[in-house]
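In what follows, a single structure is set out as C-alpha cells and then discussed.
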Amino acid sequence: MIFVTVGTTHFDALVQEIDMLVARGRLSERVVCQYGSGEFVPTRCEGFRFAPSIERWLDEADLVVCHGGTTVLAMLQRGKRFVAVANTVLSGDHQSRMLERLTGLVSFPWSRNVSDLEALITRALSSPPPHIALPHLADELRRVV
Amino acid sequence: MKTVLFLVAGGGFQWESITLARQLIDRWKFVFLVPESSTLRGSPLEALVSDHRMLRMPEVSSRAEHHAASIIRNLVRGVSVLWREVSTSKPAAAICLGSSMSIPIALVCRLRGVRVVFVESIARTDHLSATGRLLLRLRLASAVYVQWPEMVSTSPGAMYKGTVL
C-alpha cells in the first residue's frame with residue numbers, strides 16, 4: 001500500500017499527480033491519500049482530508065509519499081521507505097533547502113517537481129529504506145542536566 | 001528524581017519537542033509548558049503529559065492578540081505563572097525548543113537560577129533564529145544547540161551535539 005500524506009496543509013499538485021498515475025494504471029499498489037485542505041479531491045484512490053492520527057496508515061504502508069516538511073524526519077526516524085516532494089507553492093524554497101541538506105546526511109528520493117513522482121516511487125520501492133545514524137541530542141541533554 | 005521544565009510550543013515545534021521529550025521521559029519528572037491555546041485532545045502530546053504535570057502559559061503574541069496592552073498583560077501573566085512554578089517544583093533546568101516563548105521562560109529561569117537549554121529547530125538549516133541569537137546575546141541560555149553541524153561556524157556560541165531524532 002502506498003500512503004500519500006500532505007499533513008496539515010494542502011498540496012493539490014501532488015494529489016492530482018498521484019490520482020493521475022492510478023488512473024493510468026502506473027501504480028499496481030493500493031493507494032490511500034490524506035489530502036488535507038486541498039481543493040482537488042482524488043477520485044481514483046481512497047482518500048480522506050484529515051484524521052486524528054495517521055499512525056496506522058504509516059505503519060501499514062510499504063511506501064509513504066509526503067511533502068518536504070517535518071514528516072520527512074518522522075519517516076527517517078521510523079526507517080520507512082518514502083518519497084518527498086517539496087511543496088514549492090506553499091513554502092517557496094524552504095522545503096527544498098531542508099531536503100537538500102538532509103540528503104547530505106542520508107540519501108533518499110526527493111524532488112522539487114511533482115512530475116518526477118512516478119520515477120521516485122519506482123526507485124524507492126526497489127531500494128532499502130533510508131537509515132539515519134546521527135548523534136542523539138538526548139544523550140547530551142542527559143549528560144548536562 | 002530531578003524536575004525539568006519542558007516547553008512544547010505549537011505549530012511546527014510540537015512534533016520536534018515531543019520527539020525529544022519521548023527519549024528523556026523516564027529520566028526526569030517533567031513539567032510541560034504548553035501554550036494556552038494548545039488543543040491536547042487526541043494529540044500525541046496528550047499521551048505524553050498524562051503521567052507528568054502540565055502548565056498552560058499565555059502566548060505573548062498569538063495570532064489573535066497584537067495589541068500592546070494584551071501583549072504586556074500576557075507577558076506578566078506568563079511570568080507570574082512560571083515564577084510560582086519554579087518556587088514549587090524547583091526544577092534543575094528548563095529545556096526549550098525553537099519558539100519565541102523560550103524568551104520569557106529563559107528570563108524567569110535566569111532570574112531564579114534555573115539553567116536554560118535552548119534547542120534550535122531542525123528546520124533552521126543556515127543560521128540561528130532571532131530567538132536563538134537573543135538568548136545567546138543576553139546570556140539567558142547556558143547552552144544553545146543547533147541541529148546541523150554546518151551551523152556551528154555561522155552561529156558563534158552554539159553547539160552541535162546531534163538531532164532530536
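Simple scheme: letters A, B, ... for chains in C-alpha cells order, numbers from 1 for residues in each chain, numbers from 1 for ligands in the order shown.
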Got a sec: who's within 12 Å of stretch 141-156 of chain B, counting only C-alpha atoms, leaving out chain neighbours fewer than 5 positions off, as a PyMOL selection string?
-> (chain A and resi 98+101-102+104-105+134-138+140-141+144-145) or (chain B and resi 16+93-98+102-111+113-136+161-165)
Give the strand (DSSP E) residues of stretch 43-127 of chain A, as DSSP finds them on the backbone, and put them as an MDAnalysis selection string.
-> chainID A and resid 46:48 63:67 82:85 110:111
Next, write the just-selected residues to a file, as a compact mmCIF listing (two decimals), in the first residue's frame, keeping N, CA and C atoms as the atom set.
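What follows is the written file result18.txt:
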```
# COMPACT_ATOMS: atom_id res chain seq x y z
N GLU A 46 -8.42 5.77 -2.66
CA GLU A 46 -9.10 6.04 -1.40
C GLU A 46 -8.50 7.32 -0.82
N GLY A 47 -9.32 8.12 -0.17
CA GLY A 47 -8.76 9.33 0.39
C GLY A 47 -9.55 9.89 1.54
N PHE A 48 -8.93 10.75 2.30
CA PHE A 48 -9.60 11.48 3.37
C PHE A 48 -8.82 12.76 3.61
N LEU A 63 5.17 2.20 1.31
CA LEU A 63 5.85 3.42 0.87
C LEU A 63 4.99 4.63 1.25
N VAL A 64 5.65 5.66 1.75
CA VAL A 64 4.94 6.90 2.08
C VAL A 64 5.37 7.99 1.09
N VAL A 65 4.39 8.71 0.57
CA VAL A 65 4.70 9.87 -0.28
C VAL A 65 4.30 11.10 0.52
N CYS A 66 5.25 12.00 0.74
CA CYS A 66 4.94 13.15 1.59
C CYS A 66 5.52 14.44 1.02
N HIS A 67 5.10 15.55 1.61
CA HIS A 67 5.70 16.83 1.25
C HIS A 67 7.02 16.98 2.00
N PHE A 82 10.22 6.10 1.76
CA PHE A 82 9.38 7.24 1.44
C PHE A 82 9.93 8.03 0.27
N VAL A 83 9.08 8.89 -0.24
CA VAL A 83 9.43 9.81 -1.32
C VAL A 83 8.95 11.18 -0.87
N ALA A 84 9.80 12.20 -0.99
CA ALA A 84 9.38 13.54 -0.58
C ALA A 84 9.32 14.46 -1.80
N VAL A 85 8.26 15.25 -1.87
CA VAL A 85 8.17 16.25 -2.93
C VAL A 85 8.03 17.61 -2.25
N TRP A 110 13.83 12.39 -3.55
CA TRP A 110 13.01 13.57 -3.39
C TRP A 110 13.13 14.42 -4.64
N SER A 111 12.20 15.36 -4.78
CA SER A 111 12.27 16.26 -5.93
C SER A 111 11.50 17.54 -5.65
```
Tell me, in Å to one decimal, how far atom CA of A:Asp139 is from atom CA of B:Leu82.
->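 A separation of 26.9 Å between them.
Between atom CA of A:Met75 and atom CA of A:His131 there is a distance of 9.9 Å.
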With only C-alpha atoms as the atoms that count, which of A:Pro52, A:Gly79, A:Pro109, A:Pro128 lies nearest to chain B?
->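 Among the listed residues, A:Pro52 lies closest to chain B.
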Polymer residues at most 8 Å from A:Val15, only C-alpha atoms, same-chain spacing of 2 or more positions, as a ChimeraX atom specification = /A:4,11-13,17-19,33,35,40-42
Any chance you can output those residues with C-alpha atoms as a PDB file, in the first residue's frame?
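Output (result.pdb):
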```
ATOM      1  CA  VAL A   4       0.223   9.786   0.452  1.00  0.00           C
ATOM      2  CA  PHE A  11      -0.722  20.109  -1.926  1.00  0.00           C
ATOM      3  CA  ASP A  12      -3.108  19.810  -4.864  1.00  0.00           C
ATOM      4  CA  ALA A  13      -0.415  19.240  -7.479  1.00  0.00           C
ATOM      5  CA  GLU A  17      -0.356  13.601  -9.911  1.00  0.00           C
ATOM      6  CA  ILE A  18      -0.909  10.510  -7.788  1.00  0.00           C
ATOM      7  CA  ASP A  19      -4.548  10.322  -8.850  1.00  0.00           C
ATOM      8  CA  CYS A  33      -4.346   9.601   0.114  1.00  0.00           C
ATOM      9  CA  TYR A  35      -5.238  15.245   1.047  1.00  0.00           C
ATOM     10  CA  PHE A  40      -8.657  18.730  -5.538  1.00  0.00           C
ATOM     11  CA  VAL A  41     -10.410  15.565  -4.312  1.00  0.00           C
ATOM     12  CA  PRO A  42      -8.855  12.351  -5.656  1.00  0.00           C
TER      13      PRO A  42
END
```
Report the residues of chain A whose backbone DSSP state falls under alpha helix (DSSP H), written as an NGL selection string.
-> :A and (12-23 or 55-60 or 71-78 or 88-91 or 94-105 or 117-125 or 137-144)
Work out how far atom CA of A:Val114 is from atom CA of A:Ala133, in Å to one decimal.
->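 Rounded to one decimal, the two atoms are 28.6 Å apart.
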Contacts of B:Pro91 at 10 Å or less, counting only C-alpha atoms, minus same-chain residues fewer than 4 places along, as a ChimeraX atom specification?
-> /B:2-5,28-31,85-87,109,113-115
With C-alpha atoms retained, write the just-selected residues as a compact mmCIF listing (two decimals), in the first residue's frame.
```txt
# COMPACT_ATOMS: atom_id res chain seq x y z
CA LYS B 2 15.17 15.87 39.06
CA THR B 3 12.37 18.02 37.70
CA VAL B 4 12.73 19.64 34.30
CA LEU B 5 10.56 22.33 32.72
CA TRP B 28 13.22 13.25 34.91
CA LYS B 29 9.95 14.50 36.28
CA PHE B 30 8.59 16.77 33.59
CA VAL B 31 6.55 19.92 33.88
CA GLU B 85 6.03 27.05 39.33
CA VAL B 86 9.77 27.47 39.83
CA SER B 87 9.18 28.05 43.55
CA CYS B 109 14.61 30.91 34.92
CA GLY B 113 18.99 30.47 38.95
CA VAL B 114 17.48 27.70 36.84
CA ARG B 115 19.68 26.75 33.91
```
Residues near stretch 32-39 of chain B, cut-off 8 Å, only C-alpha atoms, skip fewer than 5 positions along chain, as a list in words | Leu5, Phe6, Leu7, Val8, Ala9, Gly10, Val49, His52, Arg53, Met54, Leu55, Arg56, Met57, Pro58 and Glu59 of chain B
Preceding selection exported with C-alpha atoms as a compact mmCIF listing (two decimals), in the first residue's frame:
```
# COMPACT_ATOMS: atom_id res chain seq x y z
CA LEU B 5 10.56 22.33 32.72
CA PHE B 6 9.99 21.38 29.09
CA LEU B 7 8.44 23.68 26.53
CA VAL B 8 6.18 22.14 23.91
CA ALA B 9 5.24 25.07 21.70
CA GLY B 10 2.66 24.84 18.96
CA VAL B 49 1.77 14.56 29.54
CA HIS B 52 3.53 14.33 34.28
CA ARG B 53 2.44 17.85 35.08
CA MET B 54 1.45 20.46 32.59
CA LEU B 55 1.41 24.23 32.83
CA ARG B 56 -0.50 26.30 30.34
CA MET B 57 1.22 29.55 29.51
CA PRO B 58 -0.20 32.54 27.73
CA GLU B 59 1.39 33.19 24.37
```
Write out as number ranges by chain each polymer residue whose atoms come within 6 Å of A:Ala86, counting only C-alpha atoms; drop sequence neighbours fewer than 6 positions from it.
-> A: 67-68, 95-96, 112
Could those selected residues go to a file with all heavy atoms, as an mmCIF file, in the first residue's frame?
```
data_model
loop_
_atom_site.group_PDB
_atom_site.id
_atom_site.type_symbol
_atom_site.label_atom_id
_atom_site.label_comp_id
_atom_site.auth_asym_id
_atom_site.auth_seq_id
_atom_site.Cartn_x
_atom_site.Cartn_y
_atom_site.Cartn_z
ATOM 1 N N HIS A 67 5.101 15.550 1.609
ATOM 2 C CA HIS A 67 5.695 16.830 1.246
ATOM 3 C C HIS A 67 7.017 16.978 2.005
ATOM 4 O O HIS A 67 7.394 16.107 2.777
ATOM 5 C CB HIS A 67 4.717 17.975 1.542
ATOM 6 C CG HIS A 67 4.498 18.194 3.005
ATOM 7 N ND1 HIS A 67 4.176 19.413 3.540
ATOM 8 C CD2 HIS A 67 4.556 17.355 4.062
ATOM 9 C CE1 HIS A 67 4.052 19.311 4.852
ATOM 10 N NE2 HIS A 67 4.260 18.066 5.202
ATOM 11 N N GLY A 68 7.696 18.088 1.758
ATOM 12 C CA GLY A 68 9.042 18.200 2.323
ATOM 13 C C GLY A 68 9.128 18.811 3.701
ATOM 14 O O GLY A 68 10.118 19.439 4.025
ATOM 15 N N GLN A 95 11.341 24.241 1.840
ATOM 16 C CA GLN A 95 11.368 22.781 1.968
ATOM 17 C C GLN A 95 12.509 22.183 1.149
ATOM 18 O O GLN A 95 13.175 21.262 1.592
ATOM 19 C CB GLN A 95 10.027 22.189 1.524
ATOM 20 C CG GLN A 95 8.925 22.455 2.525
ATOM 21 C CD GLN A 95 7.653 21.680 2.226
ATOM 22 O OE1 GLN A 95 7.574 20.955 1.235
ATOM 23 N NE2 GLN A 95 6.648 21.827 3.062
ATOM 24 N N SER A 96 12.730 22.738 -0.042
ATOM 25 C CA SER A 96 13.813 22.217 -0.895
ATOM 26 C C SER A 96 15.155 22.331 -0.198
ATOM 27 O O SER A 96 15.985 21.422 -0.268
ATOM 28 C CB SER A 96 13.889 22.981 -2.209
ATOM 29 O OG SER A 96 12.688 22.868 -2.905
ATOM 30 N N ARG A 112 11.808 18.557 -6.451
ATOM 31 C CA ARG A 112 11.022 19.788 -6.399
ATOM 32 C C ARG A 112 9.842 19.679 -7.368
ATOM 33 O O ARG A 112 8.962 20.531 -7.371
ATOM 34 C CB ARG A 112 11.872 20.972 -6.888
ATOM 35 C CG ARG A 112 12.891 21.461 -5.942
ATOM 36 C CD ARG A 112 13.675 22.588 -6.595
ATOM 37 N NE ARG A 112 14.699 23.066 -5.704
ATOM 38 C CZ ARG A 112 15.904 22.524 -5.592
ATOM 39 N NH1 ARG A 112 16.239 21.495 -6.344
ATOM 40 N NH2 ARG A 112 16.786 23.013 -4.739
#
```
Selected residue, from A:Leu58, A:Val31, A:Val6, A:Leu99, that lies nearest to chain B when counting only C-alpha atoms |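 Of A:Leu58, A:Val31, A:Val6, A:Leu99, the one nearest chain B, counting only C-alpha atoms, is A:Leu99.
Nearest-residue note for chain B: choosing from A:Gln77, A:Ser28, A:Gln16, A:Asn113, the minimum distance belongs to A:Gln77, counting only C-alpha atoms.
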Nearest candidate to chain A (options B:Arg139, B:His67, B:Arg41, B:Arg112; using only C-alpha atoms) | B:Arg41
Looking at B:Thr88, B:Gln14, B:Ser80, B:Ser70, which one is nearest to chain A, with distances taken over only C-alpha atoms?
->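 Checking each candidate against chain A, we get B:Gln14 as the closest.
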